[in-house]
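Okay, protein.txt is below, compact mmCIF, C-alpha atoms (C1' of nucleotides):
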# COMPACT_ATOMS: atom_id res chain seq x y z
CA MET A 1 64.15 125.60 -30.82
CA GLU A 2 66.21 128.60 -29.76
CA THR A 3 67.36 131.12 -32.32
CA GLY A 4 69.43 134.26 -32.49
CA THR A 5 71.03 136.73 -34.85
CA ILE A 6 74.34 138.56 -34.97
CA PRO A 7 74.77 141.34 -37.56
CA VAL A 8 77.95 140.70 -39.53
CA ASP A 9 78.80 144.38 -39.68
CA GLU A 10 79.19 144.33 -35.90
CA LEU A 11 82.13 141.94 -36.33
CA SER A 12 85.59 143.39 -36.87
CA GLY A 13 86.69 142.14 -40.29
CA GLY A 14 83.32 140.63 -41.17
CA LEU A 15 82.50 136.94 -41.61
CA ASP A 16 82.73 134.67 -44.64
CA LEU A 17 81.23 131.36 -43.49
CA TYR A 18 82.21 129.47 -46.63
CA ARG A 19 85.87 130.41 -46.35
CA THR A 20 85.87 129.91 -42.59
CA LEU A 21 84.27 126.47 -42.59
CA GLU A 22 85.42 125.00 -45.92
CA SER A 23 89.04 126.12 -46.00
CA GLY A 24 90.44 123.00 -44.41
CA GLN A 25 90.80 124.30 -40.84
CA SER A 26 87.70 122.70 -39.33
CA TYR A 27 86.09 119.38 -40.07
CA CYS A 28 83.55 119.78 -37.27
CA TRP A 29 80.92 121.60 -39.35
CA ARG A 30 78.96 120.34 -42.32
CA ARG A 31 77.16 122.27 -45.00
CA SER A 32 73.64 120.97 -44.73
CA ASP A 33 72.76 120.76 -48.41
CA VAL A 34 75.68 118.73 -49.72
CA GLU A 35 77.09 115.23 -49.53
CA MET A 36 80.38 116.11 -51.17
CA TYR A 37 82.63 119.06 -50.49
CA GLY A 38 84.94 120.87 -52.85
CA GLY A 39 82.31 122.80 -54.75
CA SER A 40 81.84 126.52 -55.04
CA PRO A 41 80.70 128.97 -52.37
CA ALA A 42 77.07 128.50 -51.38
CA PRO A 43 75.46 131.79 -50.38
CA ASN A 44 72.95 131.49 -47.54
CA ALA A 45 73.85 127.83 -46.91
CA TRP A 46 73.29 126.39 -43.44
CA TYR A 47 76.20 124.73 -41.63
CA HIS A 48 75.63 122.47 -38.64
CA THR A 49 77.69 120.98 -35.85
CA VAL A 50 77.09 119.11 -32.61
CA VAL A 51 78.85 120.28 -29.48
CA SER A 52 79.36 117.56 -26.90
CA ALA A 53 78.44 118.20 -23.30
CA PRO A 54 81.05 117.41 -20.65
CA GLU A 55 80.67 113.81 -19.53
CA ASP A 56 80.10 114.80 -15.93
CA ALA A 57 77.50 117.47 -16.69
CA ALA A 58 73.76 116.96 -16.48
CA VAL A 59 73.19 118.49 -19.91
CA SER A 60 73.01 116.82 -23.30
CA ASP A 61 74.79 117.43 -26.58
CA ALA A 62 73.60 120.46 -28.53
CA VAL A 63 72.93 120.79 -32.25
CA ILE A 64 73.83 124.18 -33.66
CA ARG A 65 73.30 125.46 -37.18
CA VAL A 66 74.34 128.77 -38.63
CA ARG A 67 74.03 130.70 -41.86
CA VAL A 68 74.66 134.22 -43.13
CA ARG A 69 71.77 135.85 -44.94
CA ASN A 70 71.32 139.52 -45.82
CA GLY A 71 74.36 140.46 -43.80
CA VAL A 72 73.14 138.74 -40.64
CA LEU A 73 74.52 135.61 -38.98
CA GLU A 74 71.53 133.49 -37.95
CA TRP A 75 71.78 130.55 -35.57
CA GLU A 76 69.30 127.87 -34.52
CA SER A 77 69.95 125.37 -31.76
CA THR A 78 68.64 123.10 -29.07
CA VAL A 79 70.16 125.52 -26.55
CA ASP A 80 70.99 129.21 -26.20
CA ALA A 81 74.01 129.09 -28.50
CA ASP A 82 75.05 132.74 -28.77
CA SER A 83 78.20 132.44 -26.67
CA ILE A 84 79.06 129.02 -28.15
CA VAL A 85 78.82 130.32 -31.71
CA ARG A 86 80.95 133.32 -30.81
CA ARG A 87 83.61 131.05 -29.36
CA LEU A 88 83.61 128.38 -32.11
CA LEU A 89 83.82 130.95 -34.92
CA ARG A 90 86.00 133.36 -32.94
CA LEU A 91 83.61 136.20 -33.69
CA ASP A 92 85.18 138.43 -31.06
CA ASP A 93 88.62 138.35 -32.70
CA ASP A 94 89.55 141.84 -33.87
CA LEU A 95 90.25 140.71 -37.41
CA GLU A 96 90.78 144.24 -38.70
CA ALA A 97 93.49 144.79 -36.13
CA ILE A 98 95.10 141.42 -36.85
CA VAL A 99 95.29 142.21 -40.57
CA ALA A 100 96.51 145.73 -39.88
CA ALA A 101 99.26 144.47 -37.59
CA ALA A 102 100.46 141.84 -40.07
CA PRO A 103 103.91 142.35 -41.60
CA ASP A 104 104.08 144.20 -44.90
CA ASP A 105 104.61 141.27 -47.21
CA PRO A 106 103.44 140.91 -50.84
CA LEU A 107 102.12 137.34 -50.60
CA LEU A 108 100.47 137.91 -47.23
CA ASP A 109 98.87 141.19 -48.35
CA GLU A 110 97.50 139.38 -51.39
CA ALA A 111 96.12 136.51 -49.31
CA TYR A 112 94.44 138.77 -46.75
CA ALA A 113 92.94 140.94 -49.51
CA ALA A 114 91.59 137.96 -51.44
CA HIS A 115 89.76 136.30 -48.56
CA ARG A 116 88.21 139.03 -46.45
CA GLY A 117 86.02 137.67 -43.69
CA MET A 118 87.73 134.32 -43.29
CA ARG A 119 88.15 133.76 -39.55
CA LEU A 120 90.03 131.09 -37.64
CA VAL A 121 87.95 128.50 -35.82
CA GLU A 122 88.19 127.10 -32.32
CA ASP A 123 87.36 123.44 -32.65
CA PRO A 124 86.90 121.12 -29.65
CA ALA A 125 90.23 119.43 -29.01
CA PHE A 126 89.54 115.72 -29.45
CA PRO A 127 87.61 116.01 -32.72
CA CYS A 128 90.28 118.39 -34.00
CA LEU A 129 93.04 115.96 -33.04
CA ILE A 130 91.40 113.02 -34.80
CA SER A 131 90.51 115.17 -37.83
CA PHE A 132 94.11 116.08 -38.44
CA ILE A 133 95.37 112.55 -37.81
CA CYS A 134 93.02 111.62 -40.65
CA SER A 135 94.30 114.52 -42.77
CA ALA A 136 97.66 112.91 -43.61
CA GLN A 137 98.06 112.73 -47.40
CA MET A 138 94.35 113.42 -47.90
CA ARG A 139 92.40 116.07 -49.78
CA VAL A 140 90.25 118.50 -47.81
CA SER A 141 87.02 117.12 -49.28
CA ARG A 142 87.92 113.58 -48.25
CA ILE A 143 88.84 114.60 -44.72
CA HIS A 144 85.34 116.05 -44.35
CA THR A 145 83.92 112.74 -45.55
CA MET A 146 86.07 110.67 -43.18
CA VAL A 147 85.13 112.78 -40.13
CA SER A 148 81.45 112.63 -41.03
CA THR A 149 81.71 108.88 -41.39
CA LEU A 150 83.27 108.53 -37.92
CA ALA A 151 80.48 110.65 -36.44
CA HIS A 152 77.78 108.64 -38.19
CA GLU A 153 79.26 105.25 -37.20
CA TYR A 154 80.39 105.92 -33.62
CA GLY A 155 78.85 109.20 -32.44
CA THR A 156 75.77 109.79 -30.34
CA PRO A 157 72.68 110.55 -32.45
CA ILE A 158 70.61 113.57 -31.52
CA GLU A 159 67.28 114.74 -32.93
CA PHE A 160 66.72 118.34 -33.89
CA ASP A 161 63.92 119.91 -35.90
CA GLY A 162 62.90 116.58 -37.45
CA ASP A 163 66.39 115.45 -38.48
CA THR A 164 68.99 113.19 -36.86
CA TYR A 165 72.48 114.57 -36.30
CA HIS A 166 75.52 112.81 -34.88
CA ALA A 167 78.00 114.16 -32.38
CA PHE A 168 81.66 113.41 -33.03
CA PRO A 169 82.42 110.25 -31.03
CA THR A 170 83.83 110.63 -27.55
CA PRO A 171 87.27 109.09 -26.92
CA ALA A 172 85.58 106.10 -25.27
CA GLN A 173 83.19 105.64 -28.19
CA LEU A 174 85.97 105.86 -30.77
CA ALA A 175 88.16 103.53 -28.72
CA THR A 176 85.58 100.78 -29.29
CA ALA A 177 86.41 100.87 -33.01
CA THR A 178 88.84 98.32 -34.40
CA GLU A 179 91.55 98.95 -36.93
CA ALA A 180 89.78 96.62 -39.36
CA GLU A 181 86.51 98.55 -39.04
CA LEU A 182 88.18 101.88 -39.73
CA ARG A 183 90.02 100.43 -42.72
CA ASP A 184 86.67 99.28 -44.05
CA LEU A 185 85.46 102.86 -43.63
CA GLY A 186 88.26 104.06 -45.88
CA LEU A 187 90.75 105.47 -43.38
CA GLY A 188 93.62 103.43 -44.81
CA TYR A 189 96.86 103.43 -42.84
CA ARG A 190 95.45 106.10 -40.49
CA ALA A 191 93.09 103.51 -38.97
CA PRO A 192 95.46 102.22 -36.27
CA TYR A 193 96.55 105.79 -35.46
CA VAL A 194 92.97 106.82 -34.76
CA VAL A 195 92.21 103.77 -32.63
CA ARG A 196 95.38 104.04 -30.57
CA THR A 197 95.05 107.79 -29.99
CA ALA A 198 91.40 107.38 -28.96
CA GLU A 199 92.50 104.68 -26.51
CA MET A 200 95.21 106.93 -25.07
CA VAL A 201 92.69 109.70 -24.37
CA ALA A 202 89.97 107.32 -23.17
CA ASP A 203 92.39 105.63 -20.78
CA GLY A 204 93.47 108.96 -19.33
CA GLU A 205 97.06 108.45 -20.49
CA ALA A 206 97.05 111.95 -22.02
CA HIS A 207 94.60 114.59 -23.21
CA PRO A 208 95.10 117.24 -25.90
CA GLU A 209 93.66 119.91 -23.59
CA GLU A 210 96.73 119.42 -21.37
CA ALA A 211 98.78 121.19 -24.03
CA ARG A 212 97.00 124.47 -23.23
CA THR A 213 98.97 124.77 -20.03
CA LEU A 214 102.37 124.58 -21.76
CA GLU A 215 104.64 126.96 -23.64
CA TYR A 216 104.19 126.79 -27.41
CA GLU A 217 107.03 124.44 -28.37
CA ASP A 218 106.47 122.25 -25.30
CA ALA A 219 102.80 122.06 -26.25
CA ARG A 220 103.74 120.90 -29.74
CA ASP A 221 106.05 118.24 -28.29
CA TYR A 222 103.32 117.13 -25.89
CA LEU A 223 100.86 116.51 -28.71
CA THR A 224 103.32 114.41 -30.70
CA GLN A 225 103.03 111.65 -28.10
CA PHE A 226 99.70 110.74 -29.72
CA VAL A 227 100.03 108.07 -32.37
CA GLY A 228 99.80 109.56 -35.85
CA VAL A 229 100.68 113.05 -34.62
CA GLY A 230 103.91 114.65 -35.82
CA ASP A 231 104.96 118.29 -35.66
CA LYS A 232 102.65 119.40 -38.48
CA VAL A 233 99.46 117.81 -37.12
CA ALA A 234 100.37 119.06 -33.64
CA ASP A 235 100.61 122.61 -34.99
CA CYS A 236 97.18 122.28 -36.59
CA VAL A 237 95.62 121.25 -33.29
CA LEU A 238 97.40 124.06 -31.44
CA LEU A 239 96.20 126.63 -33.98
CA PHE A 240 92.65 125.46 -34.71
CA SER A 241 91.70 124.30 -31.23
CA LEU A 242 94.01 125.24 -28.39
CA GLY A 243 94.51 128.98 -28.78
CA PHE A 244 98.10 129.05 -30.08
CA ASP A 245 97.77 131.73 -32.75
CA GLU A 246 101.52 131.67 -33.31
CA ALA A 247 101.49 128.06 -34.55
CA VAL A 248 102.42 127.73 -38.24
CA PRO A 249 101.73 124.23 -39.56
CA LEU A 250 104.41 123.37 -42.13
CA ASP A 251 102.25 121.53 -44.66
CA THR A 252 102.92 120.97 -48.35
CA TRP A 253 101.50 124.36 -49.32
CA ILE A 254 103.38 126.47 -46.80
CA LYS A 255 106.55 124.54 -47.63
CA SER A 256 106.18 125.49 -51.27
CA ALA A 257 105.52 129.08 -50.17
CA ILE A 258 108.75 129.00 -48.18
CA GLU A 259 110.58 127.67 -51.22
CA ASP A 260 109.13 130.31 -53.54
CA TYR A 261 108.75 133.39 -51.30
CA TYR A 262 110.77 132.90 -48.09
CA PRO A 263 113.75 130.70 -49.06
CA ASP A 264 115.89 132.07 -46.22
CA CYS A 265 113.38 130.62 -43.74
CA ASP A 266 114.22 127.05 -44.78
CA CYS A 267 116.47 126.08 -41.90
CA GLY A 268 116.42 122.32 -42.40
CA SER A 269 114.69 120.99 -39.33
CA TYR A 270 110.99 121.51 -38.64
CA ALA A 271 111.62 123.34 -35.38
CA ALA A 272 114.13 125.80 -36.82
CA THR A 273 112.14 126.48 -39.99
CA SER A 274 109.04 126.91 -37.85
CA ARG A 275 110.74 129.59 -35.75
CA ALA A 276 111.98 131.41 -38.85
CA ILE A 277 108.66 131.47 -40.75
CA ARG A 278 106.74 132.25 -37.55
CA ASP A 279 108.92 135.29 -37.07
CA ARG A 280 108.54 136.30 -40.72
CA LEU A 281 104.75 136.08 -40.62
CA GLY A 282 104.30 138.26 -37.59
CA GLY A 283 105.00 136.19 -34.50
CA ASP A 284 101.96 136.11 -32.23
CA TYR A 285 99.43 135.93 -35.10
CA ALA A 286 101.61 134.02 -37.57
CA GLY A 287 99.06 131.20 -37.58
CA TYR A 288 96.38 133.55 -38.90
CA ALA A 289 98.75 134.56 -41.69
CA GLN A 290 99.58 130.92 -42.43
CA THR A 291 95.91 130.00 -42.76
CA TYR A 292 95.30 132.78 -45.28
CA ILE A 293 98.39 131.87 -47.31
CA PHE A 294 97.43 128.20 -47.23
CA HIS A 295 93.94 128.90 -48.52
CA HIS A 296 95.17 131.45 -51.05
CA LEU A 297 97.68 129.06 -52.62
CA ARG A 298 95.54 125.93 -52.35
CA THR A 299 92.50 127.45 -54.03
CA GLY A 300 94.44 129.64 -56.45
CA GLU A 301 92.01 132.46 -55.69
C1' DG B 1 97.42 103.74 -65.67
C1' DC B 2 99.53 107.78 -63.24
C1' DC B 3 99.78 111.25 -59.91
C1' DC B 4 98.67 113.53 -55.87
C1' DA B 5 96.62 114.82 -51.39
C1' DG B 6 96.94 120.03 -44.83
C1' DG B 7 102.30 113.33 -43.05
C1' DA B 8 103.90 110.01 -39.77
C1' DA B 9 106.34 105.85 -38.44
C1' DA B 10 109.73 102.57 -39.33
C1' DT B 11 114.16 101.82 -40.99
C1' DA B 12 118.72 102.82 -42.66
C1' DT B 13 122.88 105.79 -42.70
C1' DA C 1 120.40 113.49 -35.70
C1' DT C 2 119.12 113.39 -40.60
C1' DA C 3 117.76 110.93 -45.04
C1' DT C 4 114.92 107.34 -47.30
C1' DT C 5 110.97 104.06 -47.53
C1' DT C 6 106.46 102.50 -46.67
C1' DC C 7 101.80 103.08 -45.97
C1' DA C 8 95.87 103.43 -48.37
C1' DT C 9 92.64 105.43 -51.12
C1' DG C 10 89.58 108.22 -54.14
C1' DG C 11 89.56 111.65 -57.63
C1' DG C 12 91.62 114.25 -61.51

Could you write out this file's structure as C-alpha cells?
Amino acid sequence: METGTIPVDELSGGLDLYRTLESGQSYCWRRSDVEMYGGSPAPNAWYHTVVSAPEDAAVSDAVIRVRVRNGVLEWESTVDADSIVRRLLRLDDDLEAIVAAAPDDPLLDEAYAAHRGMRLVEDPAFPCLISFICSAQMRVSRIHTMVSTLAHEYGTPIEFDGDTYHAFPTPAQLATATEAELRDLGLGYRAPYVVRTAEMVADGEAHPEEARTLEYEDARDYLTQFVGVGDKVADCVLLFSLGFDEAVPLDTWIKSAIEDYYPDCDCGSYAATSRAIRDRLGGDYAGYAQTYIFHHLRTGE
DNA sequence: GCCCAGGAAATAT
DNA sequence: ATATTTCATGGG
C-alpha cells in the first residue's frame, strides 16, 4: 500500500470532505462506513473511489481512499495517488481567490460563508455522465445508491487491503446491461437512457470528453446528443467533470433561487436564463457559486 | 395514500 | 419554438 499526507492548511480555502463529496456533485466516492447516505457529517470518515486505467495502458485500476484527520488529508492507495487526489478534489484551486472574486451578493455571501472548505470535484467523464442521467427526479442519497449498484453489478472488482472494491463500469461493460436488468435494479425510466448512452460511447459514436474541445454552449449542445441528457444534465457534466467552471446547472433549487432572489434572470428559455444567471453569479466561476447556493438551499444550513 | 426528488422525451399547440 | 404530459421509485 502507498500512502501520503497533505496538510489542509496548505490548501487555499481549506477542505471539507463531507461537503465536497456528499453535496450531490460527485457520485464517484463512497463513505466507507455507511450503506445509506443523507446522514450527518462524519468527522474522520474514509471515502473511497476507484479510478479506471485507460484501456490501452498496461496499468490496472487503482483504489484510492482519503480522509481528513487532525487537519491533515491522508490518502491510501494501490498506487502513488498524490497527483490523482489533487486533481479529483481540485486541491490546487485557489478557493480563497475564487470566493474573494465572487460578486457581492447577499445569498451568495451567505452560501460561501456557511460552507467553507467545500471544493468542486473533477469526476471522470463517463461515470459523471451516467450519474447525472440517473439523477433525474431522484434524491441525492438515492443517486449514490444507484451508482454504487451499477458499479457492483457491472464494474471490475479490485482487491485492496483485504476488501473488494468495484470500479465504475466501462462503457463496454455497461453496454452489456439490458433495460430490463436496470429496471430490476431500480433505475426506473432512466434504464433505457443509461443503456443507450453506454452503447453510444462504447460504439465510438460520441464521447463526453469530446466536449472539452468546444466552446461552452457548443459543449453543452454536444452533450445533449446522449440519450437522457438535456441542458441541465449537460451542465452538470461540464461543471463537475470537464472543466467548465462557468456552467450553471438550472436544477429545481437554482430555479427557485432565481424566482426568489434573481427574478430578472428568468428569461424564459434555458439558454437565455443560463446566460443571465451565469453573468449574475460571476461569469467564469459562476458554477462554483451555483454549487454553493445549491447546497446551501438544499440542506437549509 | 400523498408528495416529492440535482429532468428528459414524446406529444400537442 | 414553446407548453403540457408521461415516465419509476423509495422515503418522508

Please identify all polymer residues within 10 Å of C:DG10, counting only C-alpha atoms (C1' of nucleotides), omitting same-chain residues fewer than 2 positions from it, and present them as a PDB file with C-alpha atoms (C1' of nucleotides), in the frame of the given file.
ATOM      1  CA  MET A 138      94.350 113.420 -47.900  1.00  0.00           C
ATOM      2  CA  ARG A 139      92.400 116.070 -49.780  1.00  0.00           C
ATOM      3  CA  ARG A 142      87.920 113.580 -48.250  1.00  0.00           C
ATOM      4  CA  GLY A 186      88.260 104.060 -45.880  1.00  0.00           C
TER       5      GLY A 186
ATOM      6  C1'  DA C   8      95.870 103.430 -48.370  1.00  0.00           C
ATOM      7  C1'  DG C  12      91.620 114.250 -61.510  1.00  0.00           C
TER       8       DG C  12
END

_Interatomic distance, atom CA of A:Asp56 to atom CA of A:Asp218 (Å, one decimal)_ =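 If I compute the distance from atom CA of A:Asp56 to atom CA of A:Asp218, I get 29.0 Å.
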
*Dump as a VMD selection string the residues of chain A that approach chain B to within 8 Å, counting only C-alpha atoms (C1' of nucleotides).*
chain A and resid 24 135 to 140 228 to 230 232 to 233 251 to 253

*Got a sec to pull out which chain A residues are within 8 Å of chain C, counting all atoms listed in the file, and send them as number ranges by chain?*
A: 186-189

Which polymer residues have any atom within 12 Å of an atom of A:Glu181, counting only C-alpha atoms (C1' of nucleotides), with same-chain residues fewer than 2 positions away left out, as a PDB file with C-alpha atoms, keeping the file's coordinate frame?
ATOM      1  CA  THR A 149      81.710 108.880 -41.390  1.00  0.00           C
ATOM      2  CA  LEU A 150      83.270 108.530 -37.920  1.00  0.00           C
ATOM      3  CA  GLU A 153      79.260 105.250 -37.200  1.00  0.00           C
ATOM      4  CA  TYR A 154      80.390 105.920 -33.620  1.00  0.00           C
ATOM      5  CA  LEU A 174      85.970 105.860 -30.770  1.00  0.00           C
ATOM      6  CA  ALA A 175      88.160 103.530 -28.720  1.00  0.00           C
ATOM      7  CA  THR A 176      85.580 100.780 -29.290  1.00  0.00           C
ATOM      8  CA  ALA A 177      86.410 100.870 -33.010  1.00  0.00           C
ATOM      9  CA  THR A 178      88.840  98.320 -34.400  1.00  0.00           C
ATOM     10  CA  GLU A 179      91.550  98.950 -36.930  1.00  0.00           C
ATOM     11  CA  ARG A 183      90.020 100.430 -42.720  1.00  0.00           C
ATOM     12  CA  ASP A 184      86.670  99.280 -44.050  1.00  0.00           C
ATOM     13  CA  LEU A 185      85.460 102.860 -43.630  1.00  0.00           C
ATOM     14  CA  GLY A 186      88.260 104.060 -45.880  1.00  0.00           C
ATOM     15  CA  LEU A 187      90.750 105.470 -43.380  1.00  0.00           C
ATOM     16  CA  GLY A 188      93.620 103.430 -44.810  1.00  0.00           C
ATOM     17  CA  ARG A 190      95.450 106.100 -40.490  1.00  0.00           C
ATOM     18  CA  ALA A 191      93.090 103.510 -38.970  1.00  0.00           C
ATOM     19  CA  PRO A 192      95.460 102.220 -36.270  1.00  0.00           C
ATOM     20  CA  VAL A 194      92.970 106.820 -34.760  1.00  0.00           C
ATOM     21  CA  VAL A 195      92.210 103.770 -32.630  1.00  0.00           C
TER      22      VAL A 195
END

_I'd like the interatomic distance between atom CA of A:Tyr262 and atom CA of A:Tyr285, to a tenth of an Å._
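About the pair atom CA of A:Tyr262 and atom CA of A:Tyr285: they are 17.5 Å apart.
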
*Record the distance separating atom CA of A:Leu88 and atom CA of A:Val121, expressed in Å with one decimal.*
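Result for atom CA of A:Leu88 versus atom CA of A:Val121: 5.7 Å, one decimal.
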